[in-house]
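Enquirer: Just final-v4.cif, nothing more (mmCIF, C-alpha atoms):
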```
data_query
#
loop_
_atom_site.label_atom_id
_atom_site.label_comp_id
_atom_site.auth_asym_id
_atom_site.auth_seq_id
_atom_site.Cartn_x
_atom_site.Cartn_y
_atom_site.Cartn_z
CA MET A 143 -44.93 5.62 -2.59
CA ASN A 144 -46.01 3.03 -5.15
CA SER A 145 -49.30 4.95 -5.30
CA LEU A 146 -47.40 7.52 -7.31
CA ARG A 147 -47.63 5.13 -10.21
CA SER A 148 -51.38 5.83 -10.31
CA LEU A 149 -50.97 9.38 -9.74
CA THR A 150 -51.54 12.39 -12.19
CA PHE A 151 -47.07 27.46 -31.05
CA LEU A 152 -44.51 26.19 -32.97
CA SER A 153 -45.35 27.09 -36.54
CA VAL A 154 -44.42 24.58 -39.19
CA SER A 155 -41.72 26.93 -40.43
CA LEU A 156 -40.09 26.99 -37.01
CA VAL A 157 -40.29 23.22 -36.81
CA VAL A 158 -38.53 22.95 -40.15
CA ALA A 159 -35.92 25.40 -38.92
CA LEU A 160 -35.37 23.27 -35.85
CA ALA A 161 -34.99 20.24 -38.06
CA GLY A 162 -32.21 21.94 -39.96
CA ALA A 163 -30.54 22.91 -36.73
CA ALA A 164 -30.75 19.46 -35.13
CA PRO A 165 -27.45 17.99 -36.43
CA ALA A 166 -25.53 21.13 -35.46
CA ARG A 167 -27.20 21.11 -32.07
CA ALA A 168 -26.07 17.54 -31.45
CA GLN A 169 -22.53 18.43 -32.46
CA ASP A 170 -22.66 21.41 -30.11
CA LYS A 171 -23.46 19.07 -27.20
CA GLU A 172 -26.79 20.63 -26.36
CA LEU A 173 -30.03 19.28 -24.95
CA VAL A 174 -33.36 21.07 -25.24
CA VAL A 175 -35.51 20.65 -22.12
CA VAL A 176 -39.09 21.92 -21.91
CA ALA A 177 -40.65 23.14 -18.65
CA THR A 178 -43.10 25.87 -17.64
CA GLY A 179 -40.63 28.74 -17.47
CA GLY A 180 -40.50 31.56 -14.94
CA ALA A 181 -39.15 31.06 -11.41
CA PHE A 182 -39.51 27.30 -11.79
CA GLU A 183 -37.20 27.24 -14.79
CA GLN A 184 -34.71 29.52 -13.05
CA SER A 185 -34.54 27.13 -10.14
CA LEU A 186 -34.05 24.14 -12.47
CA ARG A 187 -31.33 26.05 -14.25
CA LYS A 188 -29.47 26.92 -11.05
CA HIS A 189 -29.66 23.55 -9.33
CA PHE A 190 -29.61 21.09 -12.24
CA TYR A 191 -28.99 22.49 -15.73
CA GLU A 192 -25.87 24.54 -15.01
CA PRO A 193 -24.15 21.98 -12.73
CA PHE A 194 -24.82 19.28 -15.33
CA ALA A 195 -23.24 21.43 -18.04
CA GLU A 196 -20.22 22.10 -15.85
CA GLN A 197 -19.71 18.40 -15.20
CA THR A 198 -20.40 17.04 -18.67
CA GLY A 199 -19.93 19.91 -21.10
CA VAL A 200 -23.48 19.32 -22.39
CA ARG A 201 -25.43 22.57 -22.30
CA ILE A 202 -29.14 22.60 -21.46
CA ARG A 203 -31.21 24.96 -23.56
CA PRO A 204 -34.49 25.56 -21.70
CA VAL A 205 -37.75 26.15 -23.54
CA ALA A 206 -40.82 27.48 -21.72
CA ALA A 207 -44.22 26.08 -22.70
CA SER A 208 -47.51 25.27 -21.04
CA ASN A 209 -48.82 21.71 -21.15
CA ALA A 210 -51.17 22.47 -24.05
CA GLU A 211 -48.47 24.34 -25.97
CA THR A 212 -46.02 21.49 -25.46
CA TRP A 213 -48.18 18.86 -27.12
CA THR A 214 -49.31 21.18 -29.91
CA LYS A 215 -45.66 21.79 -30.77
CA VAL A 216 -44.74 18.13 -30.45
CA LYS A 217 -47.50 17.23 -32.88
CA ALA A 218 -46.20 19.80 -35.38
CA MET A 219 -42.66 18.47 -35.01
CA ARG A 220 -43.79 14.91 -35.65
CA GLU A 221 -45.79 15.92 -38.72
CA ALA A 222 -42.73 17.75 -40.07
CA ASN A 223 -40.48 14.81 -39.12
CA ALA A 224 -38.31 17.29 -37.24
CA ILE A 225 -37.91 16.54 -33.53
CA GLY A 226 -36.12 19.60 -32.19
CA TRP A 227 -36.65 18.95 -28.48
CA ASP A 228 -35.20 16.23 -26.27
CA ILE A 229 -36.97 16.19 -22.90
CA VAL A 230 -40.43 17.53 -22.08
CA THR A 231 -42.55 17.93 -18.98
CA ALA A 232 -45.43 15.44 -18.84
CA TRP A 233 -48.30 14.99 -16.41
CA PRO A 234 -49.47 11.46 -15.52
CA GLU A 235 -52.30 11.51 -18.05
CA ASP A 236 -49.84 12.63 -20.75
CA LEU A 237 -47.88 9.42 -20.28
CA VAL A 238 -50.96 7.65 -21.63
CA ALA A 239 -52.48 10.19 -24.02
CA GLN A 240 -49.16 11.16 -25.63
CA ALA A 241 -47.53 7.72 -25.55
CA ASP A 242 -47.05 7.65 -29.32
CA SER A 243 -44.80 10.71 -29.07
CA LEU A 244 -42.72 9.45 -26.15
CA ALA A 245 -39.78 7.08 -26.16
CA LYS A 246 -39.86 4.10 -23.84
CA LEU A 247 -37.44 4.57 -20.97
CA ASP A 248 -34.88 1.89 -20.24
CA CYS A 249 -34.75 2.20 -16.46
CA SER A 250 -31.74 -0.13 -16.33
CA ARG A 251 -29.68 2.67 -17.91
CA LEU A 252 -30.28 4.91 -14.88
CA SER A 253 -27.55 3.66 -12.60
CA ASN A 254 -28.49 6.07 -9.81
CA LEU A 255 -32.13 5.03 -9.72
CA ALA A 256 -31.94 2.33 -7.05
CA SER A 257 -29.83 4.32 -4.61
CA GLN A 258 -31.34 7.77 -5.09
CA ALA A 259 -34.96 7.67 -6.27
CA VAL A 260 -38.29 7.04 -4.60
CA ASP A 261 -40.04 3.78 -5.41
CA GLY A 262 -41.78 3.83 -8.77
CA ALA A 263 -39.88 6.88 -10.03
CA CYS A 264 -39.03 5.36 -13.41
CA THR A 265 -42.02 4.42 -15.53
CA GLU A 266 -42.29 3.24 -19.11
CA ARG A 267 -42.75 6.78 -20.47
CA GLY A 268 -41.37 9.12 -17.82
CA LEU A 269 -39.04 9.71 -14.89
CA LEU A 270 -40.74 11.25 -11.87
CA ARG A 271 -39.56 14.85 -11.55
CA THR A 272 -41.60 16.77 -8.98
CA ILE A 273 -44.17 15.91 -6.31
CA GLY A 274 -46.84 18.15 -4.85
CA GLY A 275 -50.55 18.30 -4.31
CA VAL A 276 -53.71 20.27 -4.96
CA SER A 277 -54.65 20.89 -1.35
CA ILE A 278 -56.92 22.76 1.00
CA VAL A 279 -55.15 25.96 2.04
CA TYR A 280 -56.88 28.14 4.63
CA ASP A 281 -56.30 31.34 6.56
CA ALA A 282 -55.57 30.11 10.08
CA ASN A 283 -56.43 33.49 11.60
CA ARG A 284 -60.02 33.06 10.43
CA PHE A 285 -60.29 29.70 12.21
CA PRO A 286 -58.45 29.96 15.53
CA GLN A 287 -60.06 26.73 16.78
CA GLY A 288 -58.81 24.82 13.74
CA GLY A 289 -59.69 24.90 10.07
CA PRO A 290 -60.98 22.35 7.55
CA GLN A 291 -59.11 19.05 7.46
CA ASN A 292 -60.86 17.32 4.57
CA TRP A 293 -63.18 18.10 1.66
CA ALA A 294 -66.32 17.46 3.73
CA ASP A 295 -65.11 20.29 5.98
CA PHE A 296 -64.41 22.47 2.94
CA TRP A 297 -68.05 22.01 1.92
CA ASP A 298 -69.30 22.73 5.46
CA VAL A 299 -70.03 26.46 5.27
CA LYS A 300 -71.79 26.48 8.66
CA ARG A 301 -68.83 25.19 10.69
CA PHE A 302 -66.31 26.99 8.49
CA PRO A 303 -68.02 30.11 7.11
CA GLY A 304 -66.61 32.38 4.47
CA PRO A 305 -66.01 32.56 0.71
CA ARG A 306 -63.94 29.88 -1.00
CA ALA A 307 -61.91 29.61 -4.20
CA MET A 308 -61.43 26.62 -6.46
CA PRO A 309 -59.39 26.06 -9.63
CA ASN A 310 -60.48 26.47 -13.21
CA ALA A 311 -57.00 25.77 -14.51
CA GLY A 312 -57.46 23.13 -17.19
CA ALA A 313 -57.84 20.11 -14.88
CA PRO A 314 -61.50 19.98 -13.77
CA TRP A 315 -61.03 16.46 -12.41
CA TRP A 316 -59.36 18.12 -9.38
CA PRO A 317 -62.51 19.86 -8.06
CA LEU A 318 -64.62 16.92 -9.23
CA MET A 319 -62.50 14.56 -7.15
CA ALA A 320 -62.80 16.92 -4.18
CA ALA A 321 -66.59 16.99 -4.59
CA LEU A 322 -66.81 13.21 -4.55
CA MET A 323 -64.64 12.97 -1.44
CA ALA A 324 -66.82 15.62 0.21
CA ASP A 325 -69.80 13.41 -0.65
CA GLY A 326 -68.28 10.41 1.08
CA VAL A 327 -66.45 8.56 -1.71
CA PRO A 328 -63.20 7.05 -0.35
CA ARG A 329 -60.10 8.76 -1.70
CA ASP A 330 -58.88 5.52 -3.29
CA LYS A 331 -62.19 4.66 -5.00
CA LEU A 332 -62.89 7.85 -6.95
CA PHE A 333 -62.50 6.38 -10.44
CA PRO A 334 -64.22 6.09 -12.75
CA LEU A 335 -65.51 9.51 -11.73
CA ASP A 336 -69.27 9.64 -11.14
CA LEU A 337 -69.71 12.96 -12.91
CA ASP A 338 -73.42 13.33 -12.14
CA ARG A 339 -72.77 12.90 -8.43
CA ALA A 340 -69.74 15.20 -8.49
CA PHE A 341 -71.57 18.04 -10.25
CA ARG A 342 -74.53 17.72 -7.88
CA LYS A 343 -72.14 18.14 -4.96
CA LEU A 344 -70.47 21.12 -6.63
CA ASP A 345 -73.91 22.68 -7.08
CA GLU A 346 -74.22 22.72 -3.28
CA LEU A 347 -71.02 24.68 -2.76
CA ARG A 348 -71.20 26.91 -5.81
CA PRO A 349 -72.85 29.88 -3.99
CA SER A 350 -69.84 30.01 -1.65
CA ILE A 351 -67.20 29.93 -4.43
CA ALA A 352 -66.17 33.56 -4.84
CA VAL A 353 -63.57 32.93 -7.54
CA TRP A 354 -62.59 30.13 -9.90
CA TRP A 355 -58.88 30.90 -10.16
CA ARG A 356 -56.79 30.28 -13.25
CA THR A 357 -53.20 30.84 -12.09
CA GLY A 358 -51.15 30.17 -9.00
CA ASP A 359 -50.49 33.88 -8.53
CA GLN A 360 -54.22 34.59 -8.59
CA SER A 361 -54.94 31.89 -6.02
CA MET A 362 -52.35 33.36 -3.65
CA GLN A 363 -53.62 36.91 -4.05
CA LEU A 364 -57.15 35.83 -3.14
CA LEU A 365 -55.92 34.71 0.28
CA ARG A 366 -53.58 37.65 0.72
CA SER A 367 -56.38 40.13 0.11
CA GLY A 368 -58.84 38.29 2.31
CA GLU A 369 -61.25 37.86 -0.59
CA VAL A 370 -61.48 34.18 0.37
CA VAL A 371 -60.84 32.33 3.62
CA MET A 372 -59.81 29.05 2.02
CA SER A 373 -58.97 27.65 -1.38
CA MET A 374 -58.31 24.48 -3.27
CA MET A 375 -54.87 25.31 -4.59
CA TRP A 376 -51.40 24.05 -5.40
CA SER A 377 -49.53 23.10 -2.25
CA GLY A 378 -46.48 24.96 -3.52
CA SER A 379 -48.45 28.20 -3.68
CA GLY A 380 -49.63 27.65 -0.12
CA PHE A 381 -46.10 27.18 1.15
CA VAL A 382 -44.98 30.32 -0.70
CA LEU A 383 -47.62 32.22 1.26
CA LYS A 384 -46.30 30.73 4.51
CA ASP A 385 -42.78 31.84 3.61
CA GLN A 386 -44.13 35.32 2.99
CA GLY A 387 -45.45 35.39 6.55
CA MET A 388 -49.10 34.73 5.93
CA PRO A 389 -50.76 32.51 8.58
CA VAL A 390 -52.03 29.79 6.25
CA SER A 391 -52.24 26.06 6.79
CA VAL A 392 -51.70 23.52 3.99
CA VAL A 393 -53.69 20.28 4.38
CA TRP A 394 -52.26 17.08 2.87
CA ASN A 395 -55.25 14.95 3.85
CA GLU A 396 -57.21 14.06 0.67
CA ALA A 397 -54.96 16.29 -1.46
CA VAL A 398 -55.06 15.50 -5.17
CA PRO A 399 -51.58 14.44 -6.30
CA ASN A 400 -49.86 16.94 -8.57
CA VAL A 401 -46.82 15.24 -10.02
CA ALA A 402 -44.80 15.77 -13.17
CA TYR A 403 -42.36 13.67 -15.16
CA TRP A 404 -39.37 14.14 -17.41
CA SER A 405 -40.31 12.40 -20.67
CA VAL A 406 -38.15 11.80 -23.72
CA LEU A 407 -39.47 12.53 -27.19
CA LYS A 408 -39.40 9.68 -29.65
CA GLY A 409 -37.08 10.22 -32.60
CA GLY A 410 -34.61 12.55 -30.91
CA ALA A 411 -30.95 12.43 -31.85
CA ASN A 412 -29.39 12.76 -28.39
CA GLU A 413 -30.23 9.54 -26.59
CA GLU A 414 -26.92 9.14 -24.76
CA LYS A 415 -26.96 12.72 -23.49
CA VAL A 416 -30.61 12.41 -22.49
CA TYR A 417 -29.86 9.44 -20.26
CA ALA A 418 -26.83 11.23 -18.88
CA PHE A 419 -29.01 14.15 -17.81
CA LEU A 420 -31.78 11.98 -16.33
CA ASN A 421 -29.20 9.99 -14.39
CA TYR A 422 -27.58 13.19 -13.17
CA TYR A 423 -30.94 14.63 -12.13
CA LEU A 424 -31.35 11.76 -9.67
CA THR A 425 -28.17 12.63 -7.76
CA ARG A 426 -27.05 15.28 -5.24
CA PRO A 427 -29.78 15.34 -2.58
CA GLU A 428 -28.55 18.71 -1.32
CA ALA A 429 -29.44 20.24 -4.72
CA HIS A 430 -32.92 18.72 -4.50
CA VAL A 431 -33.42 20.23 -1.05
CA ALA A 432 -32.32 23.65 -2.31
CA PHE A 433 -34.65 23.37 -5.30
CA ALA A 434 -37.56 22.27 -3.11
CA ASN A 435 -36.94 25.09 -0.64
CA ALA A 436 -36.97 27.60 -3.49
CA PHE A 437 -39.99 26.29 -5.36
CA LYS A 438 -41.92 24.33 -2.71
CA TYR A 439 -42.23 21.08 -4.62
CA ASP A 440 -40.36 17.94 -3.69
CA THR A 441 -38.51 15.81 -6.21
CA SER A 442 -37.94 12.12 -6.83
CA ASN A 443 -34.70 12.07 -4.78
CA ARG A 444 -35.62 10.18 -1.62
CA ASN A 445 -32.33 10.95 0.13
CA ALA A 446 -33.19 14.64 0.21
CA LEU A 447 -35.62 14.00 3.05
CA GLU A 448 -32.76 12.78 5.24
CA LEU A 449 -31.23 16.26 5.13
CA LEU A 450 -34.34 17.81 6.67
CA SER A 451 -35.41 18.16 10.27
CA ALA A 452 -38.38 16.14 11.53
CA GLU A 453 -40.44 19.34 11.49
CA GLU A 454 -39.53 20.06 7.88
CA ARG A 455 -40.24 16.48 6.77
CA ALA A 456 -43.69 16.60 8.34
CA VAL A 457 -44.92 19.14 5.77
CA ARG A 458 -43.26 17.66 2.68
CA GLY A 459 -45.43 16.14 -0.01
CA SER A 460 -43.00 13.29 -0.70
CA THR A 461 -42.94 11.82 2.81
CA PRO A 462 -44.61 8.40 2.94
CA GLU A 463 -46.96 9.67 5.65
CA ASN A 464 -48.29 12.49 3.47
CA VAL A 465 -48.41 10.41 0.29
CA ALA A 466 -50.57 7.91 2.19
CA LYS A 467 -53.12 10.66 2.88
CA MET A 468 -53.53 11.73 -0.74
CA ALA A 469 -56.26 10.78 -3.16
CA VAL A 470 -55.54 8.19 -5.83
CA ILE A 471 -55.91 9.40 -9.40
CA ASP A 472 -56.41 7.14 -12.41
CA ALA A 473 -54.30 8.83 -15.06
CA ALA A 474 -55.41 6.40 -17.77
CA TRP A 475 -59.08 7.26 -17.14
CA VAL A 476 -58.27 10.98 -17.25
CA ALA A 477 -56.36 10.56 -20.51
CA VAL A 478 -59.30 8.81 -22.20
CA ASN A 479 -62.03 11.07 -20.79
CA ARG A 480 -60.22 14.39 -20.58
CA ALA A 481 -61.90 16.17 -23.49
CA ALA A 482 -65.41 15.10 -22.48
CA VAL A 483 -64.86 16.13 -18.85
CA ILE A 484 -63.51 19.54 -19.85
CA GLU A 485 -66.46 20.11 -22.20
CA ARG A 486 -68.98 19.27 -19.48
CA TRP A 487 -67.08 21.39 -16.93
CA ASN A 488 -67.13 24.42 -19.21
CA ARG A 489 -70.88 24.01 -19.78
CA TRP A 490 -71.47 23.79 -16.02
CA LEU A 491 -69.38 26.88 -15.29
CA SER A 492 -71.21 28.89 -17.94
CA LYS A 493 -74.65 28.20 -16.47
#
```
Go ahead and express the file in the form of structure tokens.
Expert:
Amino acid sequence: MNSLRSLTFLSVSLVVALAGAAPARAQDKELVVVATGGAFEQSLRKHFYEPFAEQTGVRIRPVAASNAETWTKVKAMREANAIGWDIVTAWPEDLVAQADSLAKLDCSRLSNLASQAVDGACTERGLLRTIGGVSIVYDANRFPQGGPQNWADFWDVKRFPGPRAMPNAGAPWWPLMAALMADGVPRDKLFPLDLDRAFRKLDELRPSIAVWWRTGDQSMQLLRSGEVVMSMMWSGSGFVLKDQGMPVSVVWNEAVPNVAYWSVLKGGANEEKVYAFLNYYLTRPEAHVAFANAFKYDTSNRNALELLSAEERAVRGSTPENVAKMAVIDAAWVAVNRAAVIERWNRWLSK
């Protein structure tokens, strides 16, 4: 589990308004927590935000924002010297790229960490929140003798014929990592990414990529409709399809880790309440199981696995066996090279 350590619109006027509201908000015992909204936020609200408020009297006010929107707003808040949020969602590369905006966590203040959390859950800039992968998901009906089990198989259109889908969802290092693994690079020696080699390998598969999907819903619909027979997609989306009765298989072998952290904004006024929430989040394994069952991503509570059957544990992304199969991502390299990789990716896609 230590490998997880490697894993990985606000206008100025609104910022100023938030600044004016900050003292009142603190007096009202409120925390502002930023996540991606939708069903994910509803599940967080049900299993964590509302029970925390009932126990402590501190209300969680959720804010929905994408990753790009989050950091644009944080930058505006810092420039206006008006930090109106408390906790944000951060990806591994954000812990490096956005370090100047994030408070250092004092892990010793999380009394539940040792007894409840997976190893490496508390880092200098974030507390591990959710664990999943960007995996191969295939239609098992199309491959009754067994489908692809690694990225070399995904590239093998003779043994496993049919159109594929891959993501174009703001993280091109995912398909680039898959391409390198398909070309024989060990999953733990992918970085620094050999971009020339990765793009050459993608050139080979490109005629078989029917769609470069942008959202999880789109990736699921492609398999539902039969437009593709397999896809590189979020593991959570694959398990949603399974719950809906579709005969898909989700492959953890060589999956790209997809983890997220709770991070605390520097300069916030609610430090004590922030630590209270983070400490609370680590507890109640039954709530973590319920959340994971609803949204198909595991959390940093290691005791939740003990409440599952052996069959259920076998497909969870947080089990040591499945973590050991995943690729290793260098979040620091991604943070430094992100813009250049995205620029080259967009040029390649437009050719």
Enquirer: CA of Arg187 in chain A and CA of Glu414 in chain A are how many Å apart?
Expert: 20.4 Å
Enquirer: So how many Å separate CA of Met372 in chain A and CA of Lys384 in chain A, to one decimal?
Expert: 13.8 Å
Enquirer: If you count all atoms listed in the file, which residues fall within 8 Å of Ala294 in chain A, apart from same-chain ones fewer than 5 positions away, as a short mmCIF file (atom, residue, chain, number, x, y, z; two decimals) with C-alpha atoms, in the frame of the given file?
Expert:
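Saved as out_39.cif:
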```cif
data_model
loop_
_atom_site.label_atom_id
_atom_site.label_comp_id
_atom_site.auth_asym_id
_atom_site.auth_seq_id
_atom_site.Cartn_x
_atom_site.Cartn_y
_atom_site.Cartn_z
CA MET A 323 -64.64 12.97 -1.44
CA ALA A 324 -66.82 15.62 0.21
CA ASP A 325 -69.80 13.41 -0.65
CA GLY A 326 -68.28 10.41 1.08
#
```
Enquirer: Starting from the shown file, work through the PyMOL selection byres ((chain A and resi 380) around 8) and note down what comes out as a list in words.
Expert: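 When the PyMOL selection byres ((chain A and resi 380) around 8) is applied to the shown file, the picked residues are Val279, Met362, Met375, Trp376, Ser377, Gly378, Ser379, Phe381, Val382, Leu383, Lys384, Val390, Ser391 and Val392 of chain A.
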Enquirer: If we count only C-alpha atoms and set the cut-off at 9 Å, which residues sit around range 245-252 of chain A, ignoring sequence neighbours fewer than 2 positions away in its own chain? Please answer as an NGL selection string.
Expert: :A and (241-243 or 254-256 or 264-269 or 405-410 or 417-418 or 420-422 or 424)
Enquirer: Pro204 in chain A: which residues within 6 Å, counting only C-alpha atoms, same-chain residues fewer than 2 positions away excluded, as a PyMOL selection string?
Expert: chain A and resi 174-176
Enquirer: Considering all atoms listed in the file, can you say which of A:Pro305, A:Pro334, A:Pro328, A:Pro234 comes closest to Lys467 in chain A?
Expert: A:Pro328
Enquirer: Could you state the separation of CA of Leu318 in chain A and CA of Asp345 in chain A in Å, given to one decimal place?
Expert: 11.1 Å
Enquirer: Given the file shown, enumerate the residues that the PyMOL selection byres ((chain A and resi 465) around 12) captures and present them as an mmCIF file with C-alpha atoms, keeping the file's coordinate frame.
Expert:
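Dumped everything to out_19.cif:
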```cif
data_model
loop_
_atom_site.group_PDB
_atom_site.id
_atom_site.type_symbol
_atom_site.label_atom_id
_atom_site.label_comp_id
_atom_site.auth_asym_id
_atom_site.auth_seq_id
_atom_site.Cartn_x
_atom_site.Cartn_y
_atom_site.Cartn_z
ATOM 1 C CA MET A 143 -44.930 5.620 -2.590
ATOM 2 C CA ASN A 144 -46.010 3.030 -5.150
ATOM 3 C CA SER A 145 -49.300 4.950 -5.300
ATOM 4 C CA LEU A 146 -47.400 7.520 -7.310
ATOM 5 C CA ARG A 147 -47.630 5.130 -10.210
ATOM 6 C CA SER A 148 -51.380 5.830 -10.310
ATOM 7 C CA LEU A 149 -50.970 9.380 -9.740
ATOM 8 C CA VAL A 260 -38.290 7.040 -4.600
ATOM 9 C CA ILE A 273 -44.170 15.910 -6.310
ATOM 10 C CA GLY A 274 -46.840 18.150 -4.850
ATOM 11 C CA GLY A 275 -50.550 18.300 -4.310
ATOM 12 C CA ARG A 329 -60.100 8.760 -1.700
ATOM 13 C CA VAL A 393 -53.690 20.280 4.380
ATOM 14 C CA TRP A 394 -52.260 17.080 2.870
ATOM 15 C CA ASN A 395 -55.250 14.950 3.850
ATOM 16 C CA GLU A 396 -57.210 14.060 0.670
ATOM 17 C CA ALA A 397 -54.960 16.290 -1.460
ATOM 18 C CA VAL A 398 -55.060 15.500 -5.170
ATOM 19 C CA PRO A 399 -51.580 14.440 -6.300
ATOM 20 C CA ASN A 400 -49.860 16.940 -8.570
ATOM 21 C CA VAL A 401 -46.820 15.240 -10.020
ATOM 22 C CA ASP A 440 -40.360 17.940 -3.690
ATOM 23 C CA ALA A 456 -43.690 16.600 8.340
ATOM 24 C CA VAL A 457 -44.920 19.140 5.770
ATOM 25 C CA ARG A 458 -43.260 17.660 2.680
ATOM 26 C CA GLY A 459 -45.430 16.140 -0.010
ATOM 27 C CA SER A 460 -43.000 13.290 -0.700
ATOM 28 C CA THR A 461 -42.940 11.820 2.810
ATOM 29 C CA PRO A 462 -44.610 8.400 2.940
ATOM 30 C CA GLU A 463 -46.960 9.670 5.650
ATOM 31 C CA ASN A 464 -48.290 12.490 3.470
ATOM 32 C CA ALA A 466 -50.570 7.910 2.190
ATOM 33 C CA LYS A 467 -53.120 10.660 2.880
ATOM 34 C CA MET A 468 -53.530 11.730 -0.740
ATOM 35 C CA ALA A 469 -56.260 10.780 -3.160
ATOM 36 C CA VAL A 470 -55.540 8.190 -5.830
#
```
Enquirer: Taking into account all atoms listed in the file, which residue in the set A:Ala340, A:Leu449, A:Ala429, A:Ala263 is nearest to Pro193 in chain A?
Expert: A:Ala429
Enquirer: With distances taken over all atoms listed in the file, which residue among A:Ala313, A:Val238, A:Ala181, A:Ile471 lies nearest Lys331 in chain A?
Expert: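 For Lys331 in chain A, the nearest of the given residues is A:Ile471.
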Enquirer: Quick one: which residues end up in the PyMOL selection byres ((chain A and resi 283) around 10) for this structure, as number ranges by chain?
Expert: A: 280-282, 284-289, 371, 388-391
Enquirer: Given all atoms listed in the file as the basis, pick out the residue of A:Lys415, A:Gln184, A:Leu447, A:Tyr403 nearest to Gly262 in chain A.
Expert: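 Smallest distance to Gly262 in chain A is found for A:Tyr403.
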Enquirer: Restricting the calculation to all atoms listed in the file, which member of A:Tyr191, A:Val327, A:Arg366, A:Ala481 is positioned closest to Gln386 in chain A?
Expert: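 Nearest to Gln386 in chain A: A:Arg366.
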Enquirer: Under the rule that all atoms listed in the file are counted, which of A:Tyr423, A:Trp354, A:Trp293, A:Phe433 is the nearest residue to Pro309 in chain A?
Expert: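 With all atoms listed in the file as the atom set, the closest residue is A:Trp354.
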